[in-house]
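Visitor: Contents of coords-v1.pdb (PDB, C-alpha atoms):
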```
ATOM      1  CA  MET A  98       2.066  32.672  11.350
ATOM      2  CA  LYS A  99       2.585  28.940  11.798
ATOM      3  CA  ILE A 100      -0.163  26.604  10.663
ATOM      4  CA  VAL A 101      -0.212  23.494  12.824
ATOM      5  CA  LEU A 102      -2.034  20.175  12.604
ATOM      6  CA  PRO A 103      -5.185  20.658  14.712
ATOM      7  CA  GLN A 104      -6.869  18.101  16.926
ATOM      8  CA  LEU A 105      -8.694  15.708  14.591
ATOM      9  CA  GLY A 106     -10.485  13.621  17.187
ATOM     10  CA  GLU A 107     -10.162  11.298  20.113
ATOM     11  CA  GLY A 108      -7.316   8.845  19.793
ATOM     12  CA  ILE A 109      -5.884  10.515  16.695
ATOM     13  CA  ASP A 110      -2.405  11.804  17.483
ATOM     14  CA  ARG A 111      -1.018  12.146  13.974
ATOM     15  CA  ALA A 112      -1.909  12.327  10.296
ATOM     16  CA  GLU A 113      -0.092  11.852   7.035
ATOM     17  CA  VAL A 114       0.445  14.575   4.456
ATOM     18  CA  ALA A 115      -1.610  13.565   1.418
ATOM     19  CA  PHE A 116      -1.488  16.552  -0.906
ATOM     20  CA  TRP A 117      -0.158  20.101  -0.909
ATOM     21  CA  HIS A 118      -2.421  22.621  -2.622
ATOM     22  CA  VAL A 119       0.234  25.373  -2.372
ATOM     23  CA  LYS A 120       3.972  25.744  -2.625
ATOM     24  CA  VAL A 121       6.474  28.148  -1.097
ATOM     25  CA  GLY A 122       5.962  31.625  -2.551
ATOM     26  CA  ASP A 123       2.241  31.232  -3.256
ATOM     27  CA  ALA A 124      -0.114  33.974  -2.100
ATOM     28  CA  VAL A 125      -2.983  32.665   0.011
ATOM     29  CA  GLY A 126      -6.219  33.964   1.512
ATOM     30  CA  PRO A 127      -8.063  32.808   4.637
ATOM     31  CA  HIS A 128     -10.050  30.210   2.703
ATOM     32  CA  THR A 129      -7.267  28.921   0.482
ATOM     33  CA  ASP A 130      -6.792  25.178   0.872
ATOM     34  CA  LEU A 131      -3.232  24.618   2.076
ATOM     35  CA  VAL A 132      -2.812  20.920   2.587
ATOM     36  CA  GLU A 133      -4.748  17.691   2.823
ATOM     37  CA  MET A 134      -3.937  15.394   5.691
ATOM     38  CA  VAL A 135      -5.108  11.807   5.798
ATOM     39  CA  THR A 136      -5.857   9.579   8.741
ATOM     40  CA  ASP A 137      -7.512   6.201   8.471
ATOM     41  CA  LYS A 138     -10.278   6.678   5.870
ATOM     42  CA  ALA A 139     -10.567  10.452   6.121
ATOM     43  CA  THR A 140      -8.835  13.332   4.439
ATOM     44  CA  PHE A 141      -8.832  16.629   6.283
ATOM     45  CA  ILE A 142      -8.260  19.821   4.318
ATOM     46  CA  ILE A 143      -6.500  22.562   6.233
ATOM     47  CA  PRO A 144      -7.091  26.166   5.117
ATOM     48  CA  ALA A 145      -4.622  29.029   5.381
ATOM     49  CA  ASP A 146      -6.850  30.889   7.863
ATOM     50  CA  CYS A 147      -5.044  34.140   7.040
ATOM     51  CA  ALA A 148      -3.904  36.231   4.086
ATOM     52  CA  GLY A 149      -0.234  36.163   3.180
ATOM     53  CA  VAL A 150       2.522  34.324   1.375
ATOM     54  CA  VAL A 151       3.657  30.763   2.052
ATOM     55  CA  LYS A 152       7.194  31.039   3.441
ATOM     56  CA  ASN A 153       7.855  27.446   4.355
ATOM     57  CA  VAL A 154       6.333  23.989   4.382
ATOM     58  CA  TYR A 155       7.549  21.525   6.996
ATOM     59  CA  ALA A 156       6.431  18.134   5.745
ATOM     60  CA  ARG A 157       6.396  16.312   2.451
ATOM     61  CA  VAL A 158       3.682  14.113   1.003
ATOM     62  CA  GLY A 159       3.693  10.790   2.819
ATOM     63  CA  GLU A 160       5.264  12.171   5.995
ATOM     64  CA  SER A 161       3.520  11.646   9.294
ATOM     65  CA  VAL A 162       2.886  14.760  11.393
ATOM     66  CA  LEU A 163       1.914  14.919  15.063
ATOM     67  CA  VAL A 164      -1.078  16.931  16.240
ATOM     68  CA  GLY A 165       0.186  20.388  17.159
ATOM     69  CA  ALA A 166       3.253  20.159  14.924
ATOM     70  CA  PRO A 167       3.803  22.862  12.287
ATOM     71  CA  LEU A 168       2.780  22.246   8.688
ATOM     72  CA  ALA A 169       3.523  25.599   7.091
ATOM     73  CA  GLN A 170       4.576  29.137   7.824
ATOM     74  CA  ILE A 171       2.728  32.041   6.291
ATOM     75  CA  GLU A 172       4.069  35.584   6.205
ATOM     76  CA  LEU A 173       1.099  37.797   6.889
ATOM     77  CA  VAL A 174       0.189  40.560   4.467
ATOM     78  CA  GLU A 175      -0.995  43.780   6.112
TER      79      GLU A 175
ATOM     80  CA  MET B 237     -32.500  13.946  -9.894
ATOM     81  CA  CYS B 238     -35.299  11.596  -8.948
ATOM     82  CA  GLY B 239     -38.194  13.507  -7.435
ATOM     83  CA  ILE B 240     -39.496  10.788  -5.134
ATOM     84  CA  MET B 241     -36.868  11.198  -2.486
ATOM     85  CA  THR B 242     -36.216  14.903  -2.745
ATOM     86  CA  GLU B 243     -37.450  16.561   0.364
ATOM     87  CA  LYS B 244     -36.535  18.907   3.106
ATOM     88  CA  ASN B 245     -36.756  17.604   6.606
ATOM     89  CA  ARG B 246     -38.317  20.415   8.597
ATOM     90  CA  ASP B 247     -37.058  19.248  11.960
ATOM     91  CA  ASN B 248     -33.397  19.771  11.364
ATOM     92  CA  GLN B 249     -33.275  21.327   7.915
ATOM     93  CA  TRP B 250     -31.774  18.351   6.132
ATOM     94  CA  THR B 251     -32.027  18.482   2.378
ATOM     95  CA  VAL B 252     -32.298  14.961   0.981
ATOM     96  CA  GLU B 253     -31.827  14.252  -2.709
ATOM     97  CA  ASP B 254     -31.928  11.056  -4.736
ATOM     98  CA  TRP B 255     -29.688  11.393  -7.774
ATOM     99  CA  ASP B 256     -30.578   7.967  -9.186
ATOM    100  CA  VAL B 257     -27.627   6.817 -11.376
ATOM    101  CA  ILE B 258     -25.224   9.714 -11.805
ATOM    102  CA  ASP B 259     -21.776  10.179 -13.303
ATOM    103  CA  TYR B 260     -19.110  10.165 -10.580
ATOM    104  CA  ASN B 261     -17.586  13.511 -11.523
ATOM    105  CA  GLU B 262     -20.974  15.187 -11.724
ATOM    106  CA  ALA B 263     -21.816  13.882  -8.247
ATOM    107  CA  TYR B 264     -18.463  15.152  -6.982
ATOM    108  CA  ALA B 265     -19.121  18.628  -8.389
ATOM    109  CA  ARG B 266     -22.549  18.682  -6.723
ATOM    110  CA  GLN B 267     -21.023  17.611  -3.420
ATOM    111  CA  LYS B 268     -18.432  20.369  -3.550
ATOM    112  CA  ALA B 269     -21.164  22.928  -4.272
ATOM    113  CA  ALA B 270     -23.081  21.606  -1.259
ATOM    114  CA  VAL B 271     -19.950  21.861   0.897
ATOM    115  CA  GLN B 272     -19.749  25.545  -0.007
ATOM    116  CA  GLY B 273     -23.448  25.854   0.827
ATOM    117  CA  VAL B 274     -22.980  24.319   4.273
ATOM    118  CA  LEU B 275     -19.931  26.519   4.884
ATOM    119  CA  SER B 276     -22.204  29.461   4.081
ATOM    120  CA  GLY B 277     -24.750  28.354   6.679
ATOM    121  CA  HIS B 278     -27.051  26.009   4.748
ATOM    122  CA  GLY B 279     -28.311  22.973   6.655
ATOM    123  CA  PRO B 280     -26.915  19.497   6.020
ATOM    124  CA  TYR B 281     -27.487  17.539   2.830
ATOM    125  CA  LEU B 282     -27.949  13.839   2.270
ATOM    126  CA  PHE B 283     -27.317  12.633  -1.264
ATOM    127  CA  LEU B 284     -28.196   9.079  -2.285
ATOM    128  CA  CYS B 285     -27.171   7.670  -5.641
ATOM    129  CA  GLU B 286     -25.581   4.951  -7.754
ATOM    130  CA  HIS B 287     -22.708   5.435 -10.178
ATOM    131  CA  PRO B 288     -21.964   3.834 -13.546
ATOM    132  CA  PRO B 289     -18.891   1.585 -13.159
ATOM    133  CA  VAL B 290     -15.919   3.672 -12.018
ATOM    134  CA  ILE B 291     -12.737   2.983 -10.081
ATOM    135  CA  THR B 292     -11.645   5.685  -7.659
ATOM    136  CA  LEU B 293      -8.279   6.167  -6.023
ATOM    137  CA  GLY B 294      -7.999   7.841  -2.618
ATOM    138  CA  ARG B 295      -5.134  10.236  -1.950
ATOM    139  CA  LEU B 296      -2.662   7.618  -0.819
ATOM    140  CA  ALA B 297      -3.914   4.813  -3.064
ATOM    141  CA  GLU B 298      -1.469   2.593  -4.867
ATOM    142  CA  SER B 299      -2.228   2.211  -8.558
ATOM    143  CA  ARG B 300      -0.941  -1.400  -8.423
ATOM    144  CA  HIS B 301      -4.140  -2.164  -6.544
ATOM    145  CA  ILE B 302      -5.913  -1.907  -9.901
ATOM    146  CA  LEU B 303      -5.428  -5.416 -11.189
ATOM    147  CA  ILE B 304      -6.032  -4.954 -14.920
ATOM    148  CA  SER B 305      -4.356  -2.773 -17.499
ATOM    149  CA  ALA B 306      -5.403   0.752 -18.406
ATOM    150  CA  ASP B 307      -6.182  -0.487 -21.926
ATOM    151  CA  ALA B 308      -8.432  -3.238 -20.650
ATOM    152  CA  LEU B 309     -10.272  -0.768 -18.453
ATOM    153  CA  LYS B 310     -10.675   1.560 -21.397
ATOM    154  CA  GLN B 311     -12.113  -1.252 -23.489
ATOM    155  CA  ARG B 312     -14.623  -1.937 -20.755
ATOM    156  CA  GLY B 313     -15.463   1.756 -20.487
ATOM    157  CA  ILE B 314     -14.499   1.977 -16.819
ATOM    158  CA  PRO B 315     -12.779   5.253 -15.943
ATOM    159  CA  VAL B 316     -10.285   5.676 -13.107
ATOM    160  CA  VAL B 317     -10.660   8.832 -11.042
ATOM    161  CA  ALA B 318      -8.097  10.080  -8.505
ATOM    162  CA  ILE B 319      -9.975  11.796  -5.749
ATOM    163  CA  ASP B 320      -9.517  13.692  -2.478
ATOM    164  CA  ARG B 321     -10.886  11.162  -0.060
ATOM    165  CA  GLY B 322      -9.269   8.895   2.471
ATOM    166  CA  GLY B 323      -8.773   5.240   1.713
ATOM    167  CA  ASP B 324      -7.174   3.330  -1.130
ATOM    168  CA  VAL B 325      -8.832   2.021  -4.300
ATOM    169  CA  THR B 326     -12.523   1.303  -4.570
ATOM    170  CA  LEU B 327     -15.118   0.612  -7.202
ATOM    171  CA  HIS B 328     -18.613   1.931  -7.707
ATOM    172  CA  ALA B 329     -21.201   0.370  -9.983
ATOM    173  CA  PRO B 330     -24.953   0.197 -10.385
ATOM    174  CA  GLY B 331     -26.583  -1.757  -7.585
ATOM    175  CA  GLN B 332     -24.311  -0.160  -5.015
ATOM    176  CA  LEU B 333     -25.916   2.523  -2.862
ATOM    177  CA  VAL B 334     -23.607   5.488  -2.458
ATOM    178  CA  VAL B 335     -24.378   7.834   0.409
ATOM    179  CA  TYR B 336     -22.926  11.322   0.617
ATOM    180  CA  PRO B 337     -23.744  13.209   3.828
ATOM    181  CA  ILE B 338     -22.628  16.830   3.665
ATOM    182  CA  LEU B 339     -22.732  18.105   7.219
ATOM    183  CA  ASN B 340     -20.825  20.414   9.499
ATOM    184  CA  LEU B 341     -19.059  18.434  12.215
ATOM    185  CA  LYS B 342     -18.760  21.633  14.256
ATOM    186  CA  ASN B 343     -22.460  21.040  14.993
ATOM    187  CA  TYR B 344     -21.773  17.470  16.153
ATOM    188  CA  ARG B 345     -18.242  16.581  17.229
ATOM    189  CA  ARG B 346     -14.959  17.695  15.740
ATOM    190  CA  ASP B 347     -13.799  14.122  15.617
ATOM    191  CA  LEU B 348     -13.039  12.180  12.440
ATOM    192  CA  ARG B 349     -13.089   8.813  14.209
ATOM    193  CA  TRP B 350     -16.511   9.644  15.680
ATOM    194  CA  TYR B 351     -17.817  10.509  12.227
ATOM    195  CA  LEU B 352     -16.509   7.314  10.616
ATOM    196  CA  ASP B 353     -18.033   5.354  13.476
ATOM    197  CA  LYS B 354     -21.438   6.986  12.886
ATOM    198  CA  LEU B 355     -21.264   6.238   9.163
ATOM    199  CA  GLU B 356     -20.578   2.601   9.987
ATOM    200  CA  GLN B 357     -23.579   2.647  12.314
ATOM    201  CA  VAL B 358     -25.860   3.947   9.540
ATOM    202  CA  ALA B 359     -24.879   0.968   7.395
ATOM    203  CA  ILE B 360     -25.070  -1.547  10.251
ATOM    204  CA  ASP B 361     -28.595  -0.418  11.145
ATOM    205  CA  LEU B 362     -29.661  -0.393   7.500
ATOM    206  CA  LEU B 363     -28.387  -3.911   6.884
ATOM    207  CA  LYS B 364     -30.056  -5.126  10.071
ATOM    208  CA  ASP B 365     -33.365  -4.153   8.449
ATOM    209  CA  PHE B 366     -32.556  -6.848   5.883
ATOM    210  CA  ASP B 367     -31.724  -9.340   8.645
ATOM    211  CA  ILE B 368     -28.052  -9.141   7.790
ATOM    212  CA  LEU B 369     -25.822  -9.424  10.811
ATOM    213  CA  THR B 370     -22.697  -7.348  10.290
ATOM    214  CA  CYS B 371     -19.621  -6.540  12.280
ATOM    215  CA  ARG B 372     -16.786  -4.055  12.509
ATOM    216  CA  LEU B 373     -13.187  -5.231  12.342
ATOM    217  CA  PRO B 374     -10.699  -3.371  14.543
ATOM    218  CA  GLY B 375      -8.411  -1.161  12.474
ATOM    219  CA  ARG B 376     -10.346  -1.845   9.291
ATOM    220  CA  THR B 377     -12.937   0.859   8.762
ATOM    221  CA  GLY B 378     -15.979  -0.469   6.940
ATOM    222  CA  VAL B 379     -18.715  -2.975   7.617
ATOM    223  CA  TRP B 380     -18.304  -6.705   7.258
ATOM    224  CA  VAL B 381     -20.382  -9.860   6.995
ATOM    225  CA  GLU B 382     -18.069 -12.322   8.707
ATOM    226  CA  SER B 383     -14.840 -11.937   6.715
ATOM    227  CA  LYS B 384     -16.441 -10.372   3.633
ATOM    228  CA  LYS B 385     -16.707  -6.642   3.169
ATOM    229  CA  ILE B 386     -20.116  -5.199   2.354
ATOM    230  CA  VAL B 387     -19.585  -1.481   3.018
ATOM    231  CA  SER B 388     -16.648   0.741   2.105
ATOM    232  CA  ILE B 389     -16.097   4.148   3.650
ATOM    233  CA  GLY B 390     -13.945   7.068   2.578
ATOM    234  CA  VAL B 391     -14.542  10.666   3.511
ATOM    235  CA  GLY B 392     -13.191  14.136   2.981
ATOM    236  CA  VAL B 393     -13.528  16.989   5.463
ATOM    237  CA  LYS B 394     -13.089  20.644   4.596
ATOM    238  CA  GLN B 395     -13.262  23.113   7.469
ATOM    239  CA  TRP B 396     -15.140  20.368   9.339
ATOM    240  CA  VAL B 397     -17.738  19.980   6.569
ATOM    241  CA  THR B 398     -17.915  16.407   5.306
ATOM    242  CA  PHE B 399     -18.099  15.036   1.777
ATOM    243  CA  HIS B 400     -17.683  11.624   0.105
ATOM    244  CA  GLY B 401     -19.104   8.881   2.352
ATOM    245  CA  LEU B 402     -20.395   5.324   2.190
ATOM    246  CA  ALA B 403     -20.660   2.704  -0.541
ATOM    247  CA  ILE B 404     -23.018  -0.131   0.369
ATOM    248  CA  ASN B 405     -23.223  -3.169  -1.883
ATOM    249  CA  ILE B 406     -26.884  -3.904  -2.393
ATOM    250  CA  ASN B 407     -27.284  -5.607  -5.777
ATOM    251  CA  THR B 408     -23.779  -4.848  -7.065
ATOM    252  CA  ALA B 409     -22.288  -7.175  -9.710
ATOM    253  CA  LEU B 410     -19.578  -8.555  -7.429
ATOM    254  CA  PRO B 411     -17.239  -9.905 -10.167
ATOM    255  CA  LEU B 412     -16.391  -6.265 -10.920
ATOM    256  CA  PHE B 413     -14.402  -6.202  -7.695
ATOM    257  CA  ASN B 414     -11.985  -8.687  -9.268
ATOM    258  CA  LEU B 415     -10.643  -5.680 -11.181
ATOM    259  CA  ILE B 416      -9.179  -4.186  -8.015
ATOM    260  CA  LYS B 417      -7.697  -4.988  -4.638
ATOM    261  CA  PRO B 418     -10.421  -3.263  -2.615
ATOM    262  CA  CYS B 419      -8.957  -0.782  -0.128
ATOM    263  CA  GLY B 420      -5.586  -2.402  -0.830
ATOM    264  CA  LEU B 421      -6.692  -5.465   1.115
ATOM    265  CA  ASP B 422      -6.971  -9.139   0.239
ATOM    266  CA  VAL B 423     -10.666  -9.300   0.930
ATOM    267  CA  LEU B 424     -13.746 -10.675  -0.726
ATOM    268  CA  MET B 425     -16.683  -8.340  -1.195
ATOM    269  CA  THR B 426     -20.279  -9.302  -0.650
ATOM    270  CA  SER B 427     -23.681  -7.697  -1.148
ATOM    271  CA  VAL B 428     -27.193  -7.770   0.236
ATOM    272  CA  GLN B 429     -28.196  -9.719  -2.855
ATOM    273  CA  GLN B 430     -25.516 -12.341  -2.264
ATOM    274  CA  VAL B 431     -26.363 -12.742   1.409
ATOM    275  CA  GLN B 432     -30.126 -12.768   0.862
ATOM    276  CA  GLY B 433     -30.064 -14.827  -2.310
ATOM    277  CA  ALA B 434     -32.242 -12.297  -4.144
ATOM    278  CA  ALA B 435     -32.044  -8.706  -5.299
ATOM    279  CA  VAL B 436     -33.771  -6.068  -3.158
ATOM    280  CA  ASP B 437     -35.556  -2.894  -4.216
ATOM    281  CA  MET B 438     -33.124   0.024  -4.236
ATOM    282  CA  LEU B 439     -35.831   2.578  -3.487
ATOM    283  CA  ASP B 440     -36.737   0.716  -0.294
ATOM    284  CA  VAL B 441     -33.065   0.680   0.645
ATOM    285  CA  LYS B 442     -32.788   4.419   0.042
ATOM    286  CA  ARG B 443     -35.819   5.177   2.184
ATOM    287  CA  LEU B 444     -34.417   3.120   5.061
ATOM    288  CA  CYS B 445     -30.976   4.608   4.639
ATOM    289  CA  GLN B 446     -32.398   8.123   4.789
ATOM    290  CA  ARG B 447     -34.287   7.267   7.973
ATOM    291  CA  HIS B 448     -31.213   5.836   9.723
ATOM    292  CA  CYS B 449     -28.934   8.607   8.573
ATOM    293  CA  LEU B 450     -31.208  11.392   9.788
ATOM    294  CA  ARG B 451     -31.839   9.581  13.063
ATOM    295  CA  ILE B 452     -28.195   8.904  13.813
ATOM    296  CA  PHE B 453     -27.034  12.388  12.914
ATOM    297  CA  ALA B 454     -29.984  14.046  14.630
ATOM    298  CA  ALA B 455     -29.030  12.352  17.887
ATOM    299  CA  GLY B 456     -25.501  13.683  17.879
ATOM    300  CA  GLY B 457     -26.112  17.192  16.716
ATOM    301  CA  HIS B 458     -28.274  20.215  17.060
ATOM    302  CA  ARG B 459     -30.230  22.429  14.781
ATOM    303  CA  ILE B 460     -28.321  24.622  12.370
ATOM    304  CA  SER B 461     -30.139  27.917  12.411
TER     305      SER B 461
END
```
Would you mind writing the structure in this file as structure tokens?
Guide:
Amino acid sequence: MKIVLPQLGEGIDRAEVAFWHVKVGDAVGPHTDLVEMVTDKATFIIPADCAGVVKNVYARVGESVLVGAPLAQIELVE
Amino acid sequence: MCGIMTEKNRDNQWTVEDWDVIDYNEAYARQKAAVQGVLSGHGPYLFLCEHPPVITLGRLAESRHILISADALKQRGIPVVAIDRGGDVTLHAPGQLVVYPILNLKNYRRDLRWYLDKLEQVAIDLLKDFDILTCRLPGRTGVWVESKKIVSIGVGVKQWVTFHGLAININTALPLFNLIKPCGLDVLMTSVQQVQGAAVDMLDVKRLCQRHCLRIFAAGGHRIS
């Protein structure tokens, strides 16, 4: 399952990666904080939204990511 | 917590608490507990407080924006706290009203810019009560009196529930801001006291702030059942 940057509001088309709470190989649950994105004066914490293992992260801290672009891939655990 | 302000607003289930002067980390822990509460279905919270002198660094802050050495800060007893909010470096101190709304933006608008705009409006309306004419500067979130900054804003949002918030200089000792480059900008800070020429009663300010906050966020939202 790919976790993408959601819509954050009108006129906001991108956000910067501020902090990764997980790394590749970490087990996550639906409420695990994955990554903090920052735009203007707000940080936005994105949860895993599913249970599984982090297989990949697509952006490093400081990188700018467009809304809808992938942030991480999670291999679902049955 | 100070009992005078603690109340529950029956109309929209706001819980309002005055924490008086509270350690920054303790306030942060209380906010995070409230975030979990709101995520579990509790109504919104409004926390009003002051902090002992503390410098905080937002996620992408540059430490060079602290203008004195770590040793000098230690001697003055001013801690530096790295924190999960937007924005760069800021400073809290007694005399500055810090406002932490903990609310679920799913019940208002899922829009960070909208939320920052509403926070600015709370401060603008509050300062108008003190006959202080403020303005917004495009691209520079916060509230300004001409070219001087009077309100700093930095928020965090977890699953659309807000934390952190507003810092409004009421009677703040402004020379403290010489220790930092506020928000990474070359700006001068000001306060209600500086503009008015006299200190104002913090409890009055808190009462007005509560009124504006609940009004502005009542207008854009609906009841959380």
Visitor: Taking into account all atoms listed in the file, which residue in the set B:Leu275, B:Val391, B:Val252, B:Ala306 is nearest to A:His128?
Guide: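 Ranking B:Leu275, B:Val391, B:Val252, B:Ala306 by distance to A:His128, first place goes to B:Leu275.
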Visitor: When the ChimeraX specification (/B :<10) & /A is applied to the file above, which residues end up in the set, as a list in words?
Guide: Gln104, Leu105, Gly106, Glu107, Gly108, Ile109, Glu113, Val114, Ala115, Phe116, His128, Asp130, Glu133, Met134, Val135, Thr136, Asp137, Lys138, Ala139, Thr140, Phe141, Ile142, Ile143, Pro144, Val158 and Gly159 of chain A
Visitor: List the residues matched by the PyMOL selection byres ((chain B and resi 414-416) around 12) in the displayed structure as a ChimeraX atom specification, ordered by chain and then by residue number.
Guide: /B:289-293,297-306,308-309,312,314,316,324-328,409-413,417-426
Visitor: Could you give me, as a PDB file with C-alpha atoms, keeping the file's coordinate frame, the residues that have an atom at most 12 Å away from the point (-0.5, 38.2, 7.4) in the coordinates of the file, using all atoms listed in the file?
Guide:
```
ATOM      1  CA  MET A  98       2.066  32.672  11.350  1.00  0.00           C
ATOM      2  CA  LYS A  99       2.585  28.940  11.798  1.00  0.00           C
ATOM      3  CA  ALA A 124      -0.114  33.974  -2.100  1.00  0.00           C
ATOM      4  CA  VAL A 125      -2.983  32.665   0.011  1.00  0.00           C
ATOM      5  CA  GLY A 126      -6.219  33.964   1.512  1.00  0.00           C
ATOM      6  CA  PRO A 127      -8.063  32.808   4.637  1.00  0.00           C
ATOM      7  CA  ALA A 145      -4.622  29.029   5.381  1.00  0.00           C
ATOM      8  CA  ASP A 146      -6.850  30.889   7.863  1.00  0.00           C
ATOM      9  CA  CYS A 147      -5.044  34.140   7.040  1.00  0.00           C
ATOM     10  CA  ALA A 148      -3.904  36.231   4.086  1.00  0.00           C
ATOM     11  CA  GLY A 149      -0.234  36.163   3.180  1.00  0.00           C
ATOM     12  CA  VAL A 150       2.522  34.324   1.375  1.00  0.00           C
ATOM     13  CA  VAL A 151       3.657  30.763   2.052  1.00  0.00           C
ATOM     14  CA  LYS A 152       7.194  31.039   3.441  1.00  0.00           C
ATOM     15  CA  GLN A 170       4.576  29.137   7.824  1.00  0.00           C
ATOM     16  CA  ILE A 171       2.728  32.041   6.291  1.00  0.00           C
ATOM     17  CA  GLU A 172       4.069  35.584   6.205  1.00  0.00           C
ATOM     18  CA  LEU A 173       1.099  37.797   6.889  1.00  0.00           C
ATOM     19  CA  VAL A 174       0.189  40.560   4.467  1.00  0.00           C
ATOM     20  CA  GLU A 175      -0.995  43.780   6.112  1.00  0.00           C
TER      21      GLU A 175
END
```
Visitor: For atom CA of A:Thr129 and atom CA of A:Glu160, determine how far apart the two atoms are, in Å to one decimal place.
Guide: 21.6 Å
Visitor: Which neighbours of A:Ile100 fall inside 6 Å, counting all atoms listed in the file, when residues of the same chain fewer than 5 positions from it are skipped, and could you give them as a ChimeraX atom specification?
Guide: /A:167-169
Visitor: Have a look at atom CA of B:Val317 and atom CA of B:Phe283 and let me know their distance in Å, one decimal.
Guide: 19.7 Å
Visitor: Atom CA of B:Ala265 and atom CA of B:Phe453, how far apart in Å?
Guide: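 Result for atom CA of B:Phe453 versus atom CA of B:Ala265: 23.6 Å, one decimal.
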Visitor: Apply the PyMOL selection byres ((chain B and resi 259) around 9) to the displayed file and report the matching residues as number ranges by chain.
Guide: B: 257-258, 260-264, 286-288, 290
Visitor: Calculated over all atoms listed in the file, which of the candidates B:Leu282, B:Leu362, B:Ala318, B:Leu355 has the smallest distance to B:Val441?
Guide: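 Closest residue, counting all atoms listed in the file: B:Leu362.
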